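**Q** Here you go, one structure.
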Amino acid sequence: MSLLETIHSPADLKALTRPQLDQLAVEIRHTIIQTVARRAGHLAPNLGVVELALAIHRVFDSPRDKIIWDVGHQSYPHKLLTGRLERFDTLRTLDGIAGYPVRSESEHDPFGTCHGSTSISAALGLAVARDLRGEDHHVVAVIGDGALTGGMAFEGLNNLGELKKRMLVILNDNEMSISPNIGAIARYLTRLTAHRVYRQIERDVYELLGRLGKRAQKAAHRIKEGLANLIVPGVLFEELGLKYYGPIDGHDLDLMMGTLAELKQVPGPVLLHVVTRKGKGYAPAEGDATGFHGVGMFDPETGSASKSSARTYTHVFGETAIEIAKRFPHAVAVTAAMTDNTGLKPFSKQFPDRFFDVGMAEEHAVTFSAGLAAGGLLPITAIYSTFLQRAFDQIVHDVAVQDLRIVLAVDRAGLVGEDGAPQHGAFDVSYLRMIPGMTLMQPRNGEELRDMLWTAAHHEKGPVAVRFPRASIPEEKLPEGEARLLPVGISEQLRAGGDVALFALGTMVAPALKAADLLAEQGVSATVVNARFVCPLDERAIAGLAASVGRLVTVEENVPMGGFGSAVSECLDRGGLSATPLLRIALPEQFVTHGQRDQLLQRVGLDAPGIARRTLDWLRSTQRQYT
Ligand SMILES: Cc1ncc(C[n+]2csc(CCOP(=O)(O)OP(=O)(O)O)c2C)c(N)n1
């Protein structure tokens with residue numbers, strides 16, 4: 001039996017000897033590497049925090065003490081130390097362990113995370129709740145240097161400095177976001193680490209150690225690298241009202257445990273700056289922390305992954321952005337810490353002066369883009385659907401109200417698969433569609449994505465959003481030559497049938513066409529329309545088919561509330577056609593779990609058989625004789 005198998009909760013950790021902790025670190029890394037190799041997931045971030053998680057759980061008492069992992073993609077060691085080893089092999093699979101902390105999964109996950117920079121605010125809330133309820137547990141927020149570039153982290157620090165609650169913020173500084181971390185904050189942290197300021201121990205720490213007696217002073221001597229000599233007064237965090245300690249080596253377990261034990265005693269808000277190595281202990285990940293940030297399946301012996309040759313929508317976006325930049329000298333690209341993941345890496349190489357990674361800061365990315373547009377540039381701003389939620393007000397207030405021209409590339413629209421509920425792009429149709437002046441479209445394949453981006457770049461007015469999924473394009477090869485300009489607000493009819501008209505959006509066009517085949521087997525002939533545009537909506541086509549076919553079905557990968565189906569329904573209302581029977585097939589009204597994208601689409605009925613079944617049941621229930 002491995003040592004890890006004997007750890008059912010952090011309490012078991014306390015009984016281990018010091019050498020056993022080292023052994024446990026080895027086993028945790030091994031388990032994570034083997035599991036991620038089979039299941040895919042985040043690797044380098046987790047390997048970097050093994051000692052950090054061990055030290056936290058050895059010193060603090062979860063679940064009594066509350067530990068929040070910002071983003072939570074680095075929570076695997078925490079999960080392994082909190083009773084989830086047995087189910088760990090189900091990581092990110094359908095109904096298995098989630099890839100992020102989830103409140104419903106464990107009492108050791110006091111606050112769910114996934115979108116970055118939330119931990120300080122959430123931890124402060126927990127600390128305030130603790131004090132008002134007369135409790136006395138500790139609250140710990142672990143935040144990466146990448147997540148610290150998000151404005152919300154500073155909103156939390158600002159409030160923490162005011163409320164002065166007892167709480168520990170651990171800054172896990174590995175100088176990496178997904179790619180190397182950039183920006184003034186990153187540079188500042190590097191300076192802090194590089195030019196350590198050796199100063200006298202602050203008076204309160206002296207007092208504290210005095211209070212704790214000789215043993216504590218001896219311990220402090222042992223960890224002098226960490227605590228005694230490395231207090232850096234006057235640093236930004238101190239100015240904000242936190243006590244700043246560090247930077248210390250986050251892989252030195254003794255140092256970490258000793259430091260945390262000391263800091264546990266400090267009364268107000270404390271920030272401990274810990275330096276770690278992303279991918280620590282696994283050579284391939286140490287050598288390529290960006291490549292191993294989040295990985296597909298790979299060979300754990302060599303680290304080599306079977307490279308998929310499939311081209312994704314993201315690839316097509318990246319290539320088209322370059323074509324647009326070649327055609328329009330005023331086109332620039334903006335990403336919020338997702339250079340690789342949004343397919344903009346080649347753009348950043350080819351047009352370094354016209355490329356902006358603004359950090360993990362979507363709100364800023366959008367308003368910055370609005371500024372670029374106001375200044376006469378054409379920003380192509382690539383943000384995942386789920387993260388663009390953050391920038392809703394910026395899209396309304398800074399872009400749309402001012403009728404500024406920006407191209408929003410809304411990647412990962414629809415179900416993203418294994419990253420689960422907090423990352424599905426389930427809402428963007430609803431939250432973009434309602435904004436006056438917005439143009440919103442979704443392609444059904446790679447060629448159409450290219451055409452839509454090209455159309456967006458030529459569009460003369462206001463913001464244009466193109467949403468596309470985390471998926472391979474259906475084509476083997478895109479046609480040669482330049483992209484086409486699509487007629488704005490015009491749909492494309494792909495198949496004619498007299499019993500029902502399926503209006504499908506983007507990814508739902510292919511299954512709708514297959515569903516039409518299945519319906520034909522049941523004697524139902526279906527029209528299939530590739531909607532292309534959510535706004536402006538092809539009202540003429542809708543009214544026409546309402547009149548000629550009479551029964552409409554909308555199919556979309558978005559929640560039904562406010563989605564494409566709602567747009568069609570409102571259009572029918574406006575045209576005095578509200579009596580037209582309309583079935584809206586969409587994502588469910590609940591949050592969708594994690595699992596493979598295909599599995600999830602099947603589960604929610606957004607595959608061809610699901611669409612055909614729902615349509616047929618509906619037609620039958622509307623008392624047509626399709627039996
Ligand atoms: C709001 C938001 N934007 C983007 C992301 C995507 N993302 C996940 S992890 C990550 C980098 C995190 O860097 P850091 O906090 O330093 O953690 P590390 O992986 O380096 O340990 C990013 C950009 C996110 N989770 N949330």
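Lettering and numbering for the structure tokens are positional, with chains as A, B, ... in the shown order, residues counted from 1 in each chain, and ligands counted from 1 in the shown order.
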Please identify all protein, DNA and RNA residues within 8 Å of ligand 1, counting only C-alpha atoms and all ligand atoms, and report them as a short mmCIF file (atom, residue, chain, number, x, y, z; two decimals) with all heavy atoms, in the first residue's frame.
**A**
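Below is the file that was written, result_34.cif:
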data_model
loop_
_atom_site.label_atom_id
_atom_site.label_comp_id
_atom_site.auth_asym_id
_atom_site.auth_seq_id
_atom_site.Cartn_x
_atom_site.Cartn_y
_atom_site.Cartn_z
N ALA A 44 1.29 20.95 -15.37
CA ALA A 44 2.38 21.76 -14.79
C ALA A 44 1.93 22.57 -13.56
O ALA A 44 2.66 22.62 -12.57
CB ALA A 44 2.98 22.67 -15.86
N PRO A 45 0.74 23.18 -13.58
CA PRO A 45 0.35 23.97 -12.40
C PRO A 45 0.26 23.10 -11.15
O PRO A 45 0.61 23.55 -10.05
CB PRO A 45 -1.04 24.51 -12.77
CG PRO A 45 -1.11 24.44 -14.26
CD PRO A 45 -0.27 23.28 -14.65
N ASN A 46 -0.18 21.86 -11.29
CA ASN A 46 -0.34 20.98 -10.14
C ASN A 46 1.00 20.46 -9.62
O ASN A 46 1.21 20.38 -8.41
CB ASN A 46 -1.25 19.81 -10.52
CG ASN A 46 -2.70 20.26 -10.53
OD1 ASN A 46 -3.25 20.58 -9.49
ND2 ASN A 46 -3.29 20.34 -11.71
N GLY A 48 3.63 21.98 -9.66
CA GLY A 48 4.32 23.10 -9.00
C GLY A 48 3.86 23.38 -7.58
O GLY A 48 4.52 24.11 -6.84
N VAL A 49 2.72 22.83 -7.19
CA VAL A 49 2.20 23.19 -5.86
C VAL A 49 2.12 22.01 -4.89
O VAL A 49 1.42 22.08 -3.88
CB VAL A 49 0.80 23.87 -5.94
CG1 VAL A 49 0.88 25.17 -6.72
CG2 VAL A 49 -0.25 22.94 -6.54
N ASP A 70 -7.23 29.71 -6.14
CA ASP A 70 -7.67 30.60 -7.22
C ASP A 70 -7.54 29.88 -8.56
O ASP A 70 -6.57 29.16 -8.79
CB ASP A 70 -6.80 31.87 -7.25
CG ASP A 70 -7.54 33.04 -7.87
OD1 ASP A 70 -7.77 32.99 -9.09
OD2 ASP A 70 -7.90 33.97 -7.13
N VAL A 71 -8.50 30.06 -9.42
CA VAL A 71 -8.66 29.30 -10.67
C VAL A 71 -8.99 27.84 -10.33
O VAL A 71 -9.94 27.28 -10.85
CB VAL A 71 -7.46 29.39 -11.64
CG1 VAL A 71 -7.74 28.59 -12.90
CG2 VAL A 71 -7.12 30.83 -12.00
N HIS A 73 -7.26 25.23 -11.01
CA HIS A 73 -6.67 24.25 -11.93
C HIS A 73 -5.47 23.57 -11.29
O HIS A 73 -4.98 22.58 -11.80
CB HIS A 73 -6.26 24.96 -13.22
CG HIS A 73 -5.19 25.99 -13.03
ND1 HIS A 73 -5.24 26.95 -12.03
CD2 HIS A 73 -4.04 26.23 -13.69
CE1 HIS A 73 -4.15 27.70 -12.09
NE2 HIS A 73 -3.42 27.29 -13.10
N GLN A 74 -5.00 24.12 -10.17
CA GLN A 74 -3.85 23.56 -9.47
C GLN A 74 -4.30 22.84 -8.19
O GLN A 74 -3.54 22.66 -7.26
CB GLN A 74 -2.82 24.67 -9.17
CG GLN A 74 -3.09 25.57 -7.99
CD GLN A 74 -4.31 26.45 -8.12
OE1 GLN A 74 -5.40 25.97 -8.43
NE2 GLN A 74 -4.16 27.73 -7.84
N CYS A 114 -12.66 28.64 -10.82
CA CYS A 114 -12.39 28.29 -12.23
C CYS A 114 -12.03 29.57 -12.98
O CYS A 114 -10.98 29.64 -13.58
CB CYS A 114 -13.60 27.62 -12.90
SG CYS A 114 -13.29 27.28 -14.64
N HIS A 115 -12.87 30.56 -12.92
CA HIS A 115 -12.51 31.86 -13.47
C HIS A 115 -11.56 32.52 -12.48
O HIS A 115 -11.78 32.47 -11.26
CB HIS A 115 -13.75 32.74 -13.65
CG HIS A 115 -14.66 32.27 -14.75
ND1 HIS A 115 -15.58 33.08 -15.34
CD2 HIS A 115 -14.77 31.07 -15.37
CE1 HIS A 115 -16.22 32.39 -16.28
NE2 HIS A 115 -15.76 31.18 -16.31
N GLY A 116 -10.51 33.15 -13.02
CA GLY A 116 -9.44 33.60 -12.15
C GLY A 116 -9.73 34.82 -11.31
O GLY A 116 -10.69 35.56 -11.52
N SER A 117 -8.88 35.00 -10.32
CA SER A 117 -8.77 36.23 -9.52
C SER A 117 -9.91 36.42 -8.52
O SER A 117 -10.14 37.53 -8.04
CB SER A 117 -8.69 37.48 -10.44
OG SER A 117 -7.91 37.22 -11.57
N ILE A 143 -3.22 32.22 -4.60
CA ILE A 143 -3.43 32.87 -5.90
C ILE A 143 -2.12 32.90 -6.68
O ILE A 143 -1.07 33.19 -6.13
CB ILE A 143 -4.02 34.30 -5.72
CG1 ILE A 143 -4.32 34.94 -7.07
CG2 ILE A 143 -3.13 35.20 -4.88
CD1 ILE A 143 -5.21 36.17 -7.00
N GLY A 144 -2.20 32.59 -7.96
CA GLY A 144 -1.00 32.59 -8.81
C GLY A 144 -0.66 33.99 -9.27
O GLY A 144 -1.49 34.91 -9.22
N ASP A 145 0.57 34.16 -9.74
CA ASP A 145 0.96 35.48 -10.23
C ASP A 145 0.18 35.84 -11.49
O ASP A 145 -0.05 37.02 -11.77
CB ASP A 145 2.47 35.55 -10.51
CG ASP A 145 2.94 34.46 -11.45
OD1 ASP A 145 2.66 33.28 -11.17
OD2 ASP A 145 3.59 34.78 -12.47
N GLY A 146 -0.28 34.84 -12.23
CA GLY A 146 -1.13 35.10 -13.39
C GLY A 146 -2.47 35.66 -12.95
O GLY A 146 -2.92 36.72 -13.42
N ALA A 147 -3.10 34.96 -12.01
CA ALA A 147 -4.42 35.40 -11.55
C ALA A 147 -4.33 36.75 -10.85
O ALA A 147 -5.32 37.49 -10.78
CB ALA A 147 -5.03 34.35 -10.62
N LEU A 148 -3.15 37.08 -10.34
CA LEU A 148 -2.99 38.38 -9.68
C LEU A 148 -3.01 39.54 -10.70
O LEU A 148 -3.09 40.70 -10.31
CB LEU A 148 -1.68 38.41 -8.88
CG LEU A 148 -1.53 39.57 -7.92
CD1 LEU A 148 -2.47 39.42 -6.73
CD2 LEU A 148 -0.10 39.71 -7.42
N GLY A 150 -5.46 39.93 -12.70
CA GLY A 150 -6.88 40.25 -12.87
C GLY A 150 -7.30 41.34 -11.89
O GLY A 150 -6.97 41.28 -10.70
N ASN A 172 1.40 32.39 -5.19
CA ASN A 172 2.22 31.34 -5.80
C ASN A 172 2.82 31.87 -7.09
O ASN A 172 2.17 31.89 -8.13
CB ASN A 172 1.34 30.10 -6.07
CG ASN A 172 2.10 29.05 -6.84
OD1 ASN A 172 3.32 28.91 -6.70
ND2 ASN A 172 1.39 28.31 -7.69
N ASP A 173 4.06 32.29 -6.98
CA ASP A 173 4.72 33.00 -8.08
C ASP A 173 5.64 32.05 -8.82
O ASP A 173 6.69 31.66 -8.32
CB ASP A 173 5.50 34.18 -7.46
CG ASP A 173 6.21 35.02 -8.50
OD1 ASP A 173 6.05 34.76 -9.70
OD2 ASP A 173 6.92 35.97 -8.09
N ASN A 174 5.22 31.65 -10.02
CA ASN A 174 6.08 30.81 -10.86
C ASN A 174 6.46 31.56 -12.14
O ASN A 174 6.93 30.96 -13.10
CB ASN A 174 5.42 29.47 -11.17
CG ASN A 174 4.02 29.64 -11.75
OD1 ASN A 174 3.73 30.68 -12.34
ND2 ASN A 174 3.18 28.64 -11.59
N GLU A 175 6.19 32.84 -12.14
CA GLU A 175 6.48 33.71 -13.28
C GLU A 175 5.75 33.28 -14.54
O GLU A 175 6.10 33.68 -15.65
CB GLU A 175 7.99 33.79 -13.55
CG GLU A 175 8.74 34.34 -12.36
CD GLU A 175 10.18 34.71 -12.68
OE1 GLU A 175 10.66 34.33 -13.74
OE2 GLU A 175 10.79 35.39 -11.83
N MET A 176 4.76 32.43 -14.37
CA MET A 176 4.01 31.96 -15.52
C MET A 176 2.52 32.23 -15.31
O MET A 176 2.00 32.04 -14.21
CB MET A 176 4.14 30.44 -15.71
CG MET A 176 5.53 29.94 -15.99
SD MET A 176 6.09 30.35 -17.65
CE MET A 176 4.99 29.38 -18.66
N SER A 177 1.86 32.68 -16.37
CA SER A 177 0.42 32.53 -16.45
C SER A 177 0.29 31.24 -17.26
O SER A 177 0.89 30.24 -16.87
CB SER A 177 -0.17 33.76 -17.15
OG SER A 177 -1.57 33.72 -17.15
N ILE A 178 -0.48 31.20 -18.35
CA ILE A 178 -0.37 30.00 -19.20
C ILE A 178 0.94 30.12 -19.97
O ILE A 178 1.77 29.21 -19.98
CB ILE A 178 -1.59 29.85 -20.13
CG1 ILE A 178 -2.84 29.54 -19.30
CG2 ILE A 178 -1.34 28.74 -21.14
CD1 ILE A 178 -4.11 29.37 -20.10
N SER A 179 1.14 31.27 -20.56
CA SER A 179 2.44 31.59 -21.15
C SER A 179 3.21 32.35 -20.06
O SER A 179 2.65 32.60 -19.00
CB SER A 179 2.25 32.50 -22.37
OG SER A 179 1.08 32.19 -23.06
N ASN A 181 4.23 34.99 -17.64
CA ASN A 181 3.37 36.08 -17.17
C ASN A 181 3.98 37.41 -17.62
O ASN A 181 5.19 37.59 -17.61
CB ASN A 181 3.27 36.03 -15.64
CG ASN A 181 2.04 36.76 -15.14
OD1 ASN A 181 1.17 37.12 -15.93
ND2 ASN A 181 1.97 36.98 -13.84
N LYS A 278 6.85 25.86 -12.09
CA LYS A 278 5.73 25.21 -12.75
C LYS A 278 6.23 23.92 -13.40
O LYS A 278 7.24 23.92 -14.10
CB LYS A 278 5.15 26.17 -13.80
CG LYS A 278 3.70 25.92 -14.11
CD LYS A 278 3.07 27.13 -14.76
CE LYS A 278 1.69 26.75 -15.28
NZ LYS A 278 0.94 27.91 -15.75
N HIS A 293 0.83 23.15 -19.43
CA HIS A 293 -0.14 23.82 -18.54
C HIS A 293 -1.42 22.98 -18.50
O HIS A 293 -1.85 22.50 -17.46
CB HIS A 293 -0.43 25.23 -19.04
CG HIS A 293 -1.49 25.92 -18.26
ND1 HIS A 293 -1.23 26.66 -17.13
CD2 HIS A 293 -2.84 25.98 -18.42
CE1 HIS A 293 -2.36 27.14 -16.63
NE2 HIS A 293 -3.35 26.73 -17.40
N ALA A 336 -6.49 38.08 -23.49
CA ALA A 336 -6.34 38.21 -22.04
C ALA A 336 -5.66 36.95 -21.51
O ALA A 336 -6.31 36.01 -21.07
CB ALA A 336 -7.70 38.42 -21.39
N ALA A 337 -4.35 36.91 -21.63
CA ALA A 337 -3.51 35.82 -21.12
C ALA A 337 -3.76 34.48 -21.82
O ALA A 337 -3.50 33.43 -21.24
CB ALA A 337 -3.69 35.65 -19.60
N MET A 338 -4.23 34.53 -23.05
CA MET A 338 -4.53 33.28 -23.74
C MET A 338 -3.93 33.27 -25.14
O MET A 338 -4.59 32.89 -26.11
CB MET A 338 -6.06 33.08 -23.82
CG MET A 338 -6.78 33.17 -22.50
SD MET A 338 -6.48 31.74 -21.45
CE MET A 338 -7.84 30.74 -21.97
N GLY A 359 -2.85 40.39 -20.03
CA GLY A 359 -2.95 39.72 -18.74
C GLY A 359 -4.34 39.13 -18.58
O GLY A 359 -5.21 39.27 -19.45
N MET A 360 -4.53 38.51 -17.42
CA MET A 360 -5.77 37.75 -17.21
C MET A 360 -6.90 38.71 -16.83
O MET A 360 -7.41 38.70 -15.72
CB MET A 360 -5.49 36.79 -16.05
CG MET A 360 -6.09 35.44 -16.20
SD MET A 360 -5.21 34.37 -15.07
CE MET A 360 -6.58 33.46 -14.42
N ALA A 361 -7.25 39.58 -17.76
CA ALA A 361 -8.05 40.75 -17.39
C ALA A 361 -9.03 41.06 -18.52
O ALA A 361 -8.80 41.95 -19.34
CB ALA A 361 -7.11 41.92 -17.13
N GLU A 362 -10.12 40.32 -18.58
CA GLU A 362 -11.05 40.45 -19.70
C GLU A 362 -11.76 41.80 -19.73
O GLU A 362 -12.02 42.34 -20.81
CB GLU A 362 -12.08 39.31 -19.65
CG GLU A 362 -11.51 37.93 -19.97
CD GLU A 362 -10.73 37.31 -18.84
OE1 GLU A 362 -10.77 37.84 -17.70
OE2 GLU A 362 -10.05 36.29 -19.07
N PHE A 387 -15.28 33.52 -20.29
CA PHE A 387 -14.55 34.62 -19.66
C PHE A 387 -15.07 35.99 -20.12
O PHE A 387 -14.90 36.99 -19.42
CB PHE A 387 -13.05 34.50 -19.93
CG PHE A 387 -12.46 33.20 -19.43
CD1 PHE A 387 -11.57 32.47 -20.21
CD2 PHE A 387 -12.81 32.69 -18.19
CE1 PHE A 387 -11.04 31.27 -19.76
CE2 PHE A 387 -12.28 31.49 -17.73
CZ PHE A 387 -11.40 30.77 -18.52
N ARG A 390 -17.27 38.15 -17.94
CA ARG A 390 -16.67 39.16 -17.07
C ARG A 390 -16.81 40.56 -17.65
O ARG A 390 -16.82 41.54 -16.93
CB ARG A 390 -15.16 38.87 -16.95
CG ARG A 390 -14.79 37.73 -16.07
CD ARG A 390 -14.50 38.28 -14.70
NE ARG A 390 -14.48 37.23 -13.71
CZ ARG A 390 -13.38 36.76 -13.14
NH1 ARG A 390 -12.21 37.23 -13.49
NH2 ARG A 390 -13.47 35.83 -12.23
#
**Q** Within segment 406-520 of chain A, find each residue whose DSSP state, derived from the backbone, is alpha helix (DSSP H), and express the selection as a VMD selection string.
**A** chain A and resid 428 to 433 446 to 458 509 to 520
**Q** Env of Gly414 of chain A: 9 Å cut, atoms = only C-alpha atoms, seq-sep filter 5 positions within chain, self excluded. Answer as a PyMOL selection string.
**A** chain A and resi 385+424-428+467-470+507+556-558+587
**Q** Output N, CA and C atoms of each residue in that selection to a file, as an mmCIF file, in the first residue's frame.
**A**
data_model
loop_
_atom_site.group_PDB
_atom_site.id
_atom_site.type_symbol
_atom_site.label_atom_id
_atom_site.label_comp_id
_atom_site.auth_asym_id
_atom_site.auth_seq_id
_atom_site.Cartn_x
_atom_site.Cartn_y
_atom_site.Cartn_z
ATOM 1 N N SER A 385 -15.915 32.445 -24.546
ATOM 2 C CA SER A 385 -17.287 32.826 -24.189
ATOM 3 C C SER A 385 -17.462 32.967 -22.676
ATOM 4 N N HIS A 424 -18.353 26.156 -19.560
ATOM 5 C CA HIS A 424 -19.153 26.040 -20.773
ATOM 6 C C HIS A 424 -19.550 27.436 -21.241
ATOM 7 N N GLY A 425 -19.521 27.597 -22.563
ATOM 8 C CA GLY A 425 -19.927 28.894 -23.123
ATOM 9 C C GLY A 425 -21.410 28.863 -23.431
ATOM 10 N N ALA A 426 -22.208 28.921 -22.375
ATOM 11 C CA ALA A 426 -23.641 28.641 -22.504
ATOM 12 C C ALA A 426 -24.503 29.881 -22.628
ATOM 13 N N PHE A 427 -23.899 31.056 -22.450
ATOM 14 C CA PHE A 427 -24.735 32.250 -22.279
ATOM 15 C C PHE A 427 -24.483 33.375 -23.284
ATOM 16 N N ASP A 428 -23.446 33.238 -24.101
ATOM 17 C CA ASP A 428 -23.046 34.425 -24.878
ATOM 18 C C ASP A 428 -24.095 34.872 -25.881
ATOM 19 N N ARG A 467 -19.031 33.776 -32.723
ATOM 20 C CA ARG A 467 -18.851 32.730 -31.708
ATOM 21 C C ARG A 467 -18.520 31.419 -32.400
ATOM 22 N N PHE A 468 -17.613 30.661 -31.814
ATOM 23 C CA PHE A 468 -17.273 29.362 -32.396
ATOM 24 C C PHE A 468 -16.851 28.401 -31.292
ATOM 25 N N PRO A 469 -16.952 27.098 -31.572
ATOM 26 C CA PRO A 469 -16.828 26.121 -30.487
ATOM 27 C C PRO A 469 -15.403 25.618 -30.259
ATOM 28 N N ARG A 470 -15.240 24.893 -29.178
ATOM 29 C CA ARG A 470 -14.003 24.152 -28.943
ATOM 30 C C ARG A 470 -14.161 22.819 -29.682
ATOM 31 N N THR A 507 -22.759 25.159 -34.755
ATOM 32 C CA THR A 507 -22.460 23.736 -34.549
ATOM 33 C C THR A 507 -23.683 22.847 -34.678
ATOM 34 N N GLU A 556 -29.812 25.313 -30.990
ATOM 35 C CA GLU A 556 -28.637 26.141 -30.652
ATOM 36 C C GLU A 556 -27.894 25.557 -29.453
ATOM 37 N N GLU A 557 -26.601 25.909 -29.383
ATOM 38 C CA GLU A 557 -25.786 25.505 -28.233
ATOM 39 C C GLU A 557 -25.652 26.708 -27.311
ATOM 40 N N ASN A 558 -26.716 27.054 -26.674
ATOM 41 C CA ASN A 558 -26.793 28.189 -25.740
ATOM 42 C C ASN A 558 -28.005 27.879 -24.864
ATOM 43 N N LEU A 587 -29.479 24.184 -24.972
ATOM 44 C CA LEU A 587 -28.888 23.587 -23.772
ATOM 45 C C LEU A 587 -29.959 23.566 -22.679
#
**Q** Find the spatial neighbours of segment 123-139 of chain A, counting only C-alpha atoms, within a cut-off of 8 Å - ignore same-chain residues fewer than 6 positions away - and output them as a list in words.
**A** Phe60, Arg64, Asp65, Lys66, Ile67, Ile68, Gly156, Leu160, Lys165, Arg166, Met167, Leu168 and Lys264 of chain A
**Q** Could you please determine the separation between atom CA of Thr439 of chain A and atom CA of Gln389 of chain A in Å, to one decimal place?
**A** 17.1 Å
**Q** Mind checking DSSP for segment 444-619 of chain A and telling me the strand (DSSP E) residues as a short mmCIF file (atom, residue, chain, number, x, y, z; two decimals) with N, CA, C and O atoms, in the first residue's frame?
**A**
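Wrote it out as part-v5.cif, contents follow:
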data_model
loop_
_atom_site.label_atom_id
_atom_site.label_comp_id
_atom_site.auth_asym_id
_atom_site.auth_seq_id
_atom_site.Cartn_x
_atom_site.Cartn_y
_atom_site.Cartn_z
N VAL A 464 -18.89 43.53 -33.65
CA VAL A 464 -19.30 42.29 -34.30
C VAL A 464 -18.72 41.13 -33.50
O VAL A 464 -17.52 41.12 -33.21
N ALA A 465 -19.55 40.19 -33.13
CA ALA A 465 -19.06 39.02 -32.40
C ALA A 465 -19.26 37.78 -33.27
O ALA A 465 -20.31 37.59 -33.87
N VAL A 466 -18.20 36.97 -33.32
CA VAL A 466 -18.30 35.68 -34.02
C VAL A 466 -18.04 34.62 -32.97
O VAL A 466 -16.97 34.59 -32.36
N ARG A 467 -19.03 33.78 -32.72
CA ARG A 467 -18.85 32.73 -31.71
C ARG A 467 -18.52 31.42 -32.40
O ARG A 467 -19.06 31.10 -33.46
N GLU A 492 -29.00 30.79 -44.63
CA GLU A 492 -28.74 29.95 -45.80
C GLU A 492 -29.60 28.70 -45.69
O GLU A 492 -29.43 27.91 -44.75
N GLN A 493 -30.49 28.51 -46.64
CA GLN A 493 -31.31 27.29 -46.59
C GLN A 493 -30.53 26.15 -47.23
O GLN A 493 -30.03 26.28 -48.34
N LEU A 494 -30.45 25.03 -46.50
CA LEU A 494 -29.64 23.91 -46.97
C LEU A 494 -30.47 22.74 -47.47
O LEU A 494 -29.97 21.87 -48.17
N ARG A 495 -31.71 22.70 -47.06
CA ARG A 495 -32.54 21.55 -47.42
C ARG A 495 -34.00 21.99 -47.36
O ARG A 495 -34.37 22.78 -46.49
N VAL A 500 -41.75 20.65 -41.46
CA VAL A 500 -41.17 21.40 -40.34
C VAL A 500 -39.90 22.09 -40.83
O VAL A 500 -39.23 21.57 -41.74
N ALA A 501 -39.59 23.26 -40.27
CA ALA A 501 -38.34 23.94 -40.66
C ALA A 501 -37.41 24.02 -39.45
O ALA A 501 -37.79 24.56 -38.40
N LEU A 502 -36.23 23.43 -39.58
CA LEU A 502 -35.23 23.48 -38.50
C LEU A 502 -34.27 24.65 -38.76
O LEU A 502 -33.58 24.67 -39.77
N PHE A 503 -34.29 25.61 -37.86
CA PHE A 503 -33.34 26.73 -37.93
C PHE A 503 -32.20 26.41 -36.97
O PHE A 503 -32.37 26.44 -35.76
N ALA A 504 -31.03 26.10 -37.55
CA ALA A 504 -29.92 25.69 -36.67
C ALA A 504 -28.83 26.73 -36.67
O ALA A 504 -28.57 27.38 -37.69
N ALA A 526 -38.26 17.75 -43.71
CA ALA A 526 -37.84 18.95 -42.96
C ALA A 526 -37.01 19.88 -43.82
O ALA A 526 -36.13 19.45 -44.57
N THR A 527 -37.28 21.16 -43.68
CA THR A 527 -36.39 22.20 -44.20
C THR A 527 -35.29 22.39 -43.15
O THR A 527 -35.56 22.32 -41.95
N VAL A 528 -34.06 22.60 -43.63
CA VAL A 528 -32.99 22.93 -42.68
C VAL A 528 -32.35 24.24 -43.11
O VAL A 528 -31.97 24.41 -44.28
N VAL A 529 -32.26 25.15 -42.16
CA VAL A 529 -31.67 26.46 -42.44
C VAL A 529 -30.44 26.66 -41.56
O VAL A 529 -30.48 26.40 -40.35
N ASN A 530 -29.36 27.09 -42.18
CA ASN A 530 -28.18 27.52 -41.45
C ASN A 530 -28.39 28.99 -41.09
O ASN A 530 -28.31 29.86 -41.95
N PHE A 533 -26.72 34.17 -38.68
CA PHE A 533 -26.78 35.40 -37.88
C PHE A 533 -27.83 35.27 -36.77
O PHE A 533 -28.94 34.81 -37.02
N VAL A 534 -27.44 35.68 -35.58
CA VAL A 534 -28.43 35.83 -34.51
C VAL A 534 -28.96 37.26 -34.56
O VAL A 534 -30.14 37.51 -34.40
N CYS A 535 -28.04 38.20 -34.79
CA CYS A 535 -28.46 39.56 -35.03
C CYS A 535 -27.49 40.22 -35.98
O CYS A 535 -26.30 40.03 -35.81
N LEU A 552 -41.90 25.68 -36.84
CA LEU A 552 -40.47 26.02 -36.77
C LEU A 552 -39.81 25.38 -35.55
O LEU A 552 -40.42 25.30 -34.48
N VAL A 553 -38.58 24.95 -35.75
CA VAL A 553 -37.77 24.45 -34.63
C VAL A 553 -36.44 25.20 -34.67
O VAL A 553 -35.82 25.31 -35.73
N THR A 554 -36.01 25.74 -33.54
CA THR A 554 -34.68 26.35 -33.48
C THR A 554 -33.75 25.41 -32.71
O THR A 554 -34.18 24.75 -31.75
N VAL A 555 -32.50 25.35 -33.14
CA VAL A 555 -31.53 24.48 -32.48
C VAL A 555 -30.25 25.28 -32.23
O VAL A 555 -29.69 25.85 -33.17
N LEU A 582 -43.71 26.82 -32.42
CA LEU A 582 -42.23 26.96 -32.37
C LEU A 582 -41.68 26.07 -31.26
O LEU A 582 -42.11 26.18 -30.11
N LEU A 583 -40.75 25.22 -31.61
CA LEU A 583 -40.05 24.41 -30.61
C LEU A 583 -38.62 24.93 -30.51
O LEU A 583 -37.93 25.06 -31.52
N ARG A 584 -38.18 25.21 -29.28
CA ARG A 584 -36.82 25.71 -29.10
C ARG A 584 -35.97 24.62 -28.47
O ARG A 584 -36.16 24.26 -27.31
N ILE A 585 -35.03 24.08 -29.25
CA ILE A 585 -34.10 23.07 -28.72
C ILE A 585 -32.80 23.79 -28.40
O ILE A 585 -32.23 24.48 -29.25
#
